[in-house]
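So this one's data-v5.cif, mmCIF, C-alpha atoms and all ligand atoms:
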```cif
data_start
#
loop_
_atom_site.label_atom_id
_atom_site.label_comp_id
_atom_site.auth_asym_id
_atom_site.auth_seq_id
_atom_site.Cartn_x
_atom_site.Cartn_y
_atom_site.Cartn_z
CA MET A 1 132.85 100.19 94.83
CA GLN A 2 132.83 96.48 95.63
CA ILE A 3 131.05 93.64 93.87
CA ASP A 4 130.49 90.20 95.39
CA VAL A 5 129.68 87.40 92.92
CA ARG A 6 127.22 84.72 94.06
CA HIS A 7 126.93 81.58 91.97
CA ALA A 8 123.62 79.77 91.61
CA SER A 9 122.84 76.75 93.84
CA HIS A 10 120.87 73.65 92.88
CA PRO A 11 117.87 72.99 95.18
CA GLU A 12 119.16 69.49 96.01
CA ALA A 13 122.43 71.02 97.28
CA VAL A 14 120.61 73.62 99.36
CA ARG A 15 118.81 70.86 101.33
CA GLY A 16 122.13 70.18 103.05
CA PHE A 17 123.13 73.79 103.84
CA ASP A 18 123.65 74.81 107.46
CA THR A 19 122.79 78.31 108.71
CA GLU A 20 126.14 79.88 107.79
CA THR A 21 126.14 78.38 104.28
CA LEU A 22 122.56 79.51 103.62
CA ARG A 23 123.48 83.03 104.71
CA ARG A 24 126.70 83.09 102.65
CA HIS A 25 124.79 82.19 99.47
CA PHE A 26 121.45 83.95 99.90
CA LEU A 27 121.79 86.85 102.38
CA VAL A 28 123.45 90.23 101.73
CA GLU A 29 124.32 91.64 105.13
CA THR A 30 125.70 95.02 104.02
CA VAL A 31 123.70 96.74 101.31
CA PHE A 32 124.43 100.34 102.34
CA ALA A 33 128.01 101.28 103.27
CA PRO A 34 128.19 105.05 103.95
CA GLY A 35 130.10 106.86 101.19
CA ASP A 36 130.30 103.79 98.95
CA ILE A 37 128.51 101.61 96.37
CA ARG A 38 128.23 97.90 97.25
CA LEU A 39 126.95 95.40 94.71
CA THR A 40 126.12 91.69 94.71
CA TYR A 41 126.07 89.88 91.37
CA SER A 42 123.73 86.88 91.46
CA HIS A 43 124.03 84.28 88.72
CA TYR A 44 120.27 83.73 88.99
CA ASP A 45 119.20 85.64 85.86
CA ARG A 46 122.40 87.74 86.33
CA MET A 47 120.56 90.14 88.60
CA VAL A 48 122.81 92.67 90.34
CA ILE A 49 121.49 94.13 93.60
CA GLY A 50 123.15 96.67 95.83
CA GLY A 51 123.18 100.06 97.43
CA ALA A 52 124.60 103.50 96.73
CA ALA A 53 124.95 105.52 99.94
CA PRO A 54 126.48 108.90 99.01
CA LEU A 55 127.54 111.36 101.73
CA ALA A 56 129.13 114.74 100.81
CA THR A 57 130.52 113.62 97.43
CA ALA A 58 128.80 112.04 94.43
CA LEU A 59 129.29 108.32 93.73
CA ALA A 60 129.65 107.11 90.14
CA LEU A 61 128.43 103.72 88.93
CA THR A 62 131.47 102.21 87.22
CA ALA A 63 131.69 98.88 85.38
CA PRO A 64 133.56 96.17 87.29
CA LYS A 65 135.10 93.27 85.32
CA SER A 66 132.14 91.00 86.25
CA ILE A 67 129.89 93.16 84.06
CA GLY A 68 132.15 92.65 81.03
CA GLN A 69 131.36 96.02 79.43
CA GLU A 70 132.91 99.49 79.23
CA THR A 71 129.96 101.01 81.08
CA PHE A 72 127.63 99.40 83.62
CA LEU A 73 124.46 99.90 81.58
CA ALA A 74 125.87 99.10 78.11
CA GLU A 75 123.78 95.88 78.10
CA ARG A 76 121.72 96.35 81.27
CA GLU A 77 118.74 98.22 82.70
CA LEU A 78 118.57 99.59 86.25
CA GLY A 79 115.93 100.25 88.91
CA VAL A 80 116.75 102.66 91.75
CA LEU A 81 114.51 103.06 94.81
CA ASN A 82 115.44 105.51 97.57
CA VAL A 83 114.91 104.30 101.15
CA GLY A 84 116.87 107.14 102.82
CA GLY A 85 116.93 110.95 102.80
CA ALA A 86 116.37 113.02 99.67
CA GLY A 87 118.92 112.67 96.90
CA ARG A 88 119.63 112.92 93.21
CA VAL A 89 120.47 110.45 90.48
CA ILE A 90 122.29 112.03 87.54
CA VAL A 91 121.91 110.14 84.24
CA ASP A 92 123.98 111.48 81.32
CA GLY A 93 123.75 115.03 82.70
CA THR A 94 120.05 115.00 83.64
CA SER A 95 119.41 115.22 87.38
CA TYR A 96 116.42 113.37 88.90
CA SER A 97 115.41 114.20 92.50
CA LEU A 98 114.29 111.20 94.53
CA ALA A 99 112.62 111.56 97.91
CA LYS A 100 112.22 108.48 100.10
CA TYR A 101 110.05 105.88 98.28
CA ASP A 102 110.68 107.41 94.84
CA CYS A 103 111.98 105.17 92.06
CA LEU A 104 113.95 105.76 88.87
CA TYR A 105 114.01 103.40 85.90
CA VAL A 106 117.21 103.83 83.88
CA GLY A 107 117.18 102.34 80.39
CA ARG A 108 119.92 100.38 78.69
CA GLY A 109 122.69 102.51 77.21
CA ALA A 110 122.93 105.31 79.78
CA ALA A 111 126.67 105.97 79.97
CA ASP A 112 127.12 108.06 83.14
CA VAL A 113 125.11 107.39 86.28
CA SER A 114 125.97 108.97 89.61
CA PHE A 115 124.30 109.36 92.99
CA GLU A 116 124.20 112.32 95.39
CA SER A 117 122.62 113.06 98.76
CA ALA A 118 120.76 116.38 99.14
CA ASP A 119 122.10 116.59 102.72
CA ALA A 120 125.01 114.45 103.94
CA GLY A 121 123.51 114.72 107.44
CA SER A 122 120.45 112.81 106.23
CA PRO A 123 121.93 110.74 103.42
CA ALA A 124 120.05 109.11 100.59
CA LYS A 125 120.11 105.32 100.38
CA PHE A 126 119.59 104.19 96.81
CA TYR A 127 118.73 100.51 96.47
CA LEU A 128 119.84 99.29 93.05
CA VAL A 129 118.63 96.37 90.94
CA SER A 130 120.04 95.73 87.47
CA THR A 131 119.30 93.01 84.95
CA PRO A 132 120.53 92.25 81.41
CA ALA A 133 118.59 94.22 78.77
CA HIS A 134 118.65 94.02 74.99
CA ALA A 135 116.61 97.14 74.16
CA GLY A 136 116.73 100.71 75.44
CA HIS A 137 113.58 102.01 77.11
CA PRO A 138 113.20 105.62 78.31
CA THR A 139 114.60 106.61 81.68
CA VAL A 140 111.63 107.64 83.84
CA LEU A 141 111.15 109.04 87.34
CA LEU A 142 108.40 107.21 89.23
CA THR A 143 107.26 109.02 92.37
CA ARG A 144 105.12 107.06 94.82
CA ASP A 145 101.85 108.52 93.46
CA LYS A 146 102.67 107.04 90.03
CA ALA A 147 102.98 103.49 91.40
CA ARG A 148 100.13 100.99 91.10
CA HIS A 149 98.78 100.55 94.63
CA LEU A 150 97.20 97.29 95.88
CA THR A 151 95.98 96.56 99.42
CA PRO A 152 95.84 92.78 99.95
CA GLY A 153 95.71 90.82 103.20
CA GLU A 154 93.73 90.96 106.43
CA ALA A 155 94.47 91.82 110.03
CA ALA A 156 93.14 88.40 111.11
CA THR A 157 95.95 86.68 109.17
CA ALA A 158 98.48 89.39 110.12
CA ASN A 159 99.21 90.25 106.47
CA LYS A 160 97.37 93.52 105.83
CA ARG A 161 99.71 95.41 103.52
CA SER A 162 100.17 97.91 100.71
CA ILE A 163 101.93 96.82 97.52
CA TYR A 164 103.36 99.62 95.34
CA GLN A 165 104.28 98.47 91.83
CA TYR A 166 106.66 100.89 90.09
CA ILE A 167 108.59 99.05 87.38
CA HIS A 168 105.55 97.09 86.23
CA PRO A 169 104.02 96.65 82.74
CA GLU A 170 101.07 98.96 83.58
CA VAL A 171 103.33 101.73 84.89
CA CYS A 172 106.58 101.82 82.92
CA GLN A 173 108.40 99.99 80.15
CA SER A 174 111.29 97.65 80.92
CA CYS A 175 112.94 94.65 79.29
CA GLN A 176 112.72 92.04 82.07
CA LEU A 177 112.95 93.96 85.35
CA THR A 178 109.98 94.41 87.68
CA MET A 179 110.34 96.29 90.98
CA GLY A 180 108.33 97.87 93.76
CA PHE A 181 107.84 97.70 97.49
CA THR A 182 105.42 96.32 100.03
CA SER A 183 104.65 97.86 103.42
CA LEU A 184 102.97 95.98 106.27
CA GLU A 185 100.50 97.72 108.56
CA THR A 186 101.17 97.87 112.29
CA GLY A 187 100.28 94.47 113.74
CA SER A 188 100.70 92.68 110.41
CA ILE A 189 103.92 90.71 110.06
CA TRP A 190 103.53 88.15 107.23
CA ASN A 191 104.55 88.78 103.65
CA THR A 192 103.63 86.46 100.82
CA MET A 193 101.73 83.91 102.91
CA PRO A 194 100.34 81.66 101.40
CA SER A 195 103.73 81.24 99.75
CA HIS A 196 104.37 80.94 96.05
CA THR A 197 107.09 80.07 93.60
CA HIS A 198 107.59 81.21 89.99
CA ASP A 199 110.30 79.12 88.38
CA ARG A 200 110.15 81.48 85.39
CA ARG A 201 111.56 84.34 87.45
CA MET A 202 114.02 84.78 90.29
CA GLU A 203 113.38 87.43 92.93
CA ALA A 204 115.32 89.53 95.47
CA TYR A 205 114.05 91.32 98.57
CA LEU A 206 115.50 94.26 100.52
CA TYR A 207 113.93 94.44 103.98
CA PHE A 208 113.78 98.04 105.31
CA ASP A 209 111.88 100.30 107.70
CA LEU A 210 112.41 97.57 110.32
CA ASP A 211 113.38 98.70 113.83
CA ALA A 212 117.05 97.96 114.60
CA ASP A 213 116.23 95.54 117.44
CA GLN A 214 113.64 93.58 115.43
CA ARG A 215 114.16 90.81 112.85
CA VAL A 216 112.35 89.13 109.98
CA PHE A 217 112.34 85.33 109.76
CA HIS A 218 112.70 84.95 106.00
CA PHE A 219 111.52 81.57 104.74
CA MET A 220 113.06 80.05 101.62
CA GLY A 221 113.61 76.67 100.01
CA GLU A 222 111.58 74.19 98.05
CA PRO A 223 107.99 74.18 99.35
CA GLN A 224 108.48 70.82 101.10
CA GLN A 225 112.03 71.64 102.28
CA THR A 226 111.75 75.06 103.87
CA ARG A 227 114.63 76.81 105.64
CA HIS A 228 114.83 80.22 107.28
CA MET A 229 117.28 83.08 107.69
CA LEU A 230 117.12 85.81 110.34
CA VAL A 231 117.25 89.15 108.51
CA ALA A 232 117.92 92.59 110.00
CA ASN A 233 117.00 96.05 108.71
CA GLU A 234 118.43 96.97 105.29
CA GLN A 235 119.63 93.48 104.50
CA ALA A 236 118.74 91.74 101.24
CA ILE A 237 117.95 88.17 100.26
CA ILE A 238 118.35 86.41 96.93
CA SER A 239 115.42 84.12 96.15
CA PRO A 240 116.15 81.36 93.60
CA PRO A 241 113.41 80.66 91.05
CA TRP A 242 112.54 77.34 92.71
CA SER A 243 112.26 78.84 96.20
CA ILE A 244 109.38 80.17 98.25
CA HIS A 245 109.97 83.68 99.62
CA SER A 246 107.87 84.60 102.65
CA GLY A 247 108.75 86.51 105.78
CA ALA A 248 107.39 86.86 109.30
CA GLY A 249 108.66 89.86 111.25
CA THR A 250 108.82 90.36 114.99
CA LYS A 251 107.23 93.72 114.06
CA ASN A 252 105.88 95.26 110.85
CA TYR A 253 108.38 96.30 108.16
CA SER A 254 108.64 97.05 104.44
CA PHE A 255 110.52 95.33 101.65
CA ILE A 256 111.51 96.08 98.07
CA TRP A 257 110.90 93.14 95.75
CA ALA A 258 112.39 92.86 92.28
CA MET A 259 112.18 90.09 89.72
CA ALA A 260 113.83 89.04 86.47
CA GLY A 261 113.30 86.16 84.08
CA ASP A 262 111.10 84.96 81.26
CA ASN A 263 108.10 87.23 81.85
CA LYS A 264 106.87 90.20 83.89
CA SER A 265 103.62 88.55 85.00
CA PHE A 266 102.27 88.83 88.54
CA ALA A 267 99.35 86.53 87.73
CA ASP A 268 101.15 83.24 87.08
CA MET A 269 102.44 82.43 90.56
CA ASP A 270 102.33 78.80 91.69
CA HIS A 271 100.63 79.12 95.08
CA ILE A 272 101.33 76.59 97.80
CA ALA A 273 98.59 75.81 100.29
CA ILE A 274 99.79 76.49 103.83
CA GLY A 275 99.03 72.86 104.73
CA ASP A 276 101.37 71.61 102.00
CA LEU A 277 104.47 73.44 103.32
CA ARG A 278 107.05 71.36 105.15
O1 LIG B 301 106.03 87.65 93.08
C1 LIG B 301 105.73 88.69 93.71
C2 LIG B 301 106.49 89.03 94.91
O2 LIG B 301 106.80 87.88 95.66
C3 LIG B 301 105.92 90.17 95.76
O3 LIG B 301 105.28 91.12 94.97
C4 LIG B 301 104.98 89.66 96.83
C5 LIG B 301 104.60 90.75 97.79
O4 LIG B 301 105.06 91.85 97.72
C6 LIG B 301 103.61 90.43 98.84
O5 LIG B 301 102.92 89.41 98.74
O6 LIG B 301 103.54 91.20 99.79
ZN ZN B 302 107.26 86.14 94.20
#
```

Structure re-expressed in structure tokens:
Amino acid sequence: MQIDVRHASHPEAVRGFDTETLRRHFLVETVFAPGDIRLTYSHYDRMVIGGAAPLATALALTAPKSIGQETFLAERELGVLNVGGAGRVIVDGTSYSLAKYDCLYVGRGAADVSFESADAGSPAKFYLVSTPAHAGHPTVLLTRDKARHLTPGEAATANKRSIYQYIHPEVCQSCQLTMGFTSLETGSIWNTMPSHTHDRRMEAYLYFDLDADQRVFHFMGEPQQTRHMLVANEQAIISPPWSIHSGAGTKNYSFIWAMAGDNKSFADMDHIAIGDLR
């Protein structure tokens, strides 16, 4: 297991970042390393994102020094969403089967968490998001049919999409974590346009189901100081609370979004008119 610590950047500093510096601070190039767990610890709201990609043997979630606890979830909650083949997450001896697009919420205090693939030839890819938590909520398996399903956007603006909300106040209890995924229809390429910010919460995206030779132009930055990063399949971005987070793909794709901060609202976004972006 490896953990990469990313400190928070002030928006005034980010105005001067070149491409490599932007990518070093805000892009996670390797989320899934076969047979390993890779984590990135962001100091924005202390969100940890990463991937568990088990092959023939199970992978255990241990507590690196950055977490400061005996066990990873001693003071944290965890969301797991599978974007690979079928697999299992074992939490304190209880095994949960996750097909692709299934999600598991693991409450604070779970001591032993491990990940297995059902078939090493078609390995599971568990995307992980963990945030500090000060109460224990029940661990719950959320299959795709349990998610809240929204269908915003239009073909004319190339943003017709399905949003599946899993770790969401109407679906499951959590302390501060919200998590789900969004899938664009063929021919639609824009996510989150018009853009928004929510300084109350940071956000992270994992782009997936994107063809290997295609890319997403991910837009970030203050609304009048936008920058972009070119993102490939199964790469993640960290979105600071002050930043827009919108993407335009060279083809349709999906992405897992997750947020942490002062509330779990989806209704308080600060929208930015397209004409006001710079
Ligand atoms: O604050 C909410 C997040 O940015 C995502 O839920 C947005 C999203 O999935 C979309 O517009 O497609
Ligand atoms: Zn957002």

Please, which residues have at least one atom within 9 Å of an atom of ligand LIG 301 (chain B), using only C-alpha atoms and all ligand atoms, listed as a PyMOL selection string? chain A and resi 152-153+159-165+179-184+190-198+201-205+244-246+255-259+265-269

Which residue out of A:Ala236, A:Leu81, A:Ala260, A:Leu141 has the minimum interatomic distance to Glu29 in chain A when all atoms listed in the file are used?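 Residue with the minimum atom-to-atom distance to Glu29 in chain A: A:Ala236.
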
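Using all atoms listed in the file, the shortest contact distance between ligand ZN 302 (chain B) and any of A:Ser188, A:Phe208, A:Ala232, A:Thr178 is found at A:Thr178.
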
Between CA of Leu206 in chain A and CA of Tyr127 in chain A, what is the distance in Å, rounded to a tenth?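 Pair CA of Leu206 in chain A / CA of Tyr127 in chain A returns 8.1 Å.
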
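The closest residue to ligand ZN 302 (chain B), picked from A:Ala248, A:Ile167, A:Ile238, A:Ala155 and counting only C-alpha atoms and all ligand atoms, is A:Ile238.
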
Pick out the residues sitting within 10 Å of Gln225 in chain A, and hand them over as an mmCIF file with C-alpha atoms, in the frame of the given file; count all atoms listed in the file, and ignore anything fewer than 6 positions along from it in its own chain.
```cif
data_model
loop_
_atom_site.group_PDB
_atom_site.id
_atom_site.type_symbol
_atom_site.label_atom_id
_atom_site.label_comp_id
_atom_site.auth_asym_id
_atom_site.auth_seq_id
_atom_site.Cartn_x
_atom_site.Cartn_y
_atom_site.Cartn_z
ATOM 1 C CA PRO A 11 117.870 72.990 95.180
ATOM 2 C CA GLU A 12 119.160 69.490 96.010
ATOM 3 C CA VAL A 14 120.610 73.620 99.360
ATOM 4 C CA ARG A 15 118.810 70.860 101.330
ATOM 5 C CA SER A 243 112.260 78.840 96.200
ATOM 6 C CA ILE A 244 109.380 80.170 98.250
ATOM 7 C CA LEU A 277 104.470 73.440 103.320
ATOM 8 C CA ARG A 278 107.050 71.360 105.150
#
```

Can you tell me how far CA of Val129 in chain A sits from CA of Ala111 in chain A, in Å to one decimal? 16.6 Å

Would you work out the distance separating CA of Phe126 in chain A from CA of Gly84 in chain A, expressed in Å to one decimal? 7.2 Å

Selection near Val231 in chain A, 7 Å with only C-alpha atoms, sequence-local residues under 4 positions removed, as JSON, numbers by chain: {"A": [215, 216, 217, 218, 235]}

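Residue nearest Lys264 in chain A within the list A:Glu185, A:Glu75, A:Asp36, A:Glu170: A:Glu170 [criterion: smallest interatomic distance, all atoms listed in the file].
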
Using all atoms listed in the file, can you tell me which of A:Leu177, A:Met47, A:Leu22, A:Val113 comes closest to Arg227 in chain A? A:Leu22

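Nearest to Asn252 in chain A of all the residues A:Cys172, A:Leu27, A:Ala158, A:Val83 is A:Ala158, based on all atoms listed in the file.
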
Residue neighbourhood Ser117 in chain A, 8 Å, all atoms listed in the file, exclusion window fewer than 2 positions, as a PyMOL selection string: chain A and resi 53-56+58+85-88+115+119-120+122-124
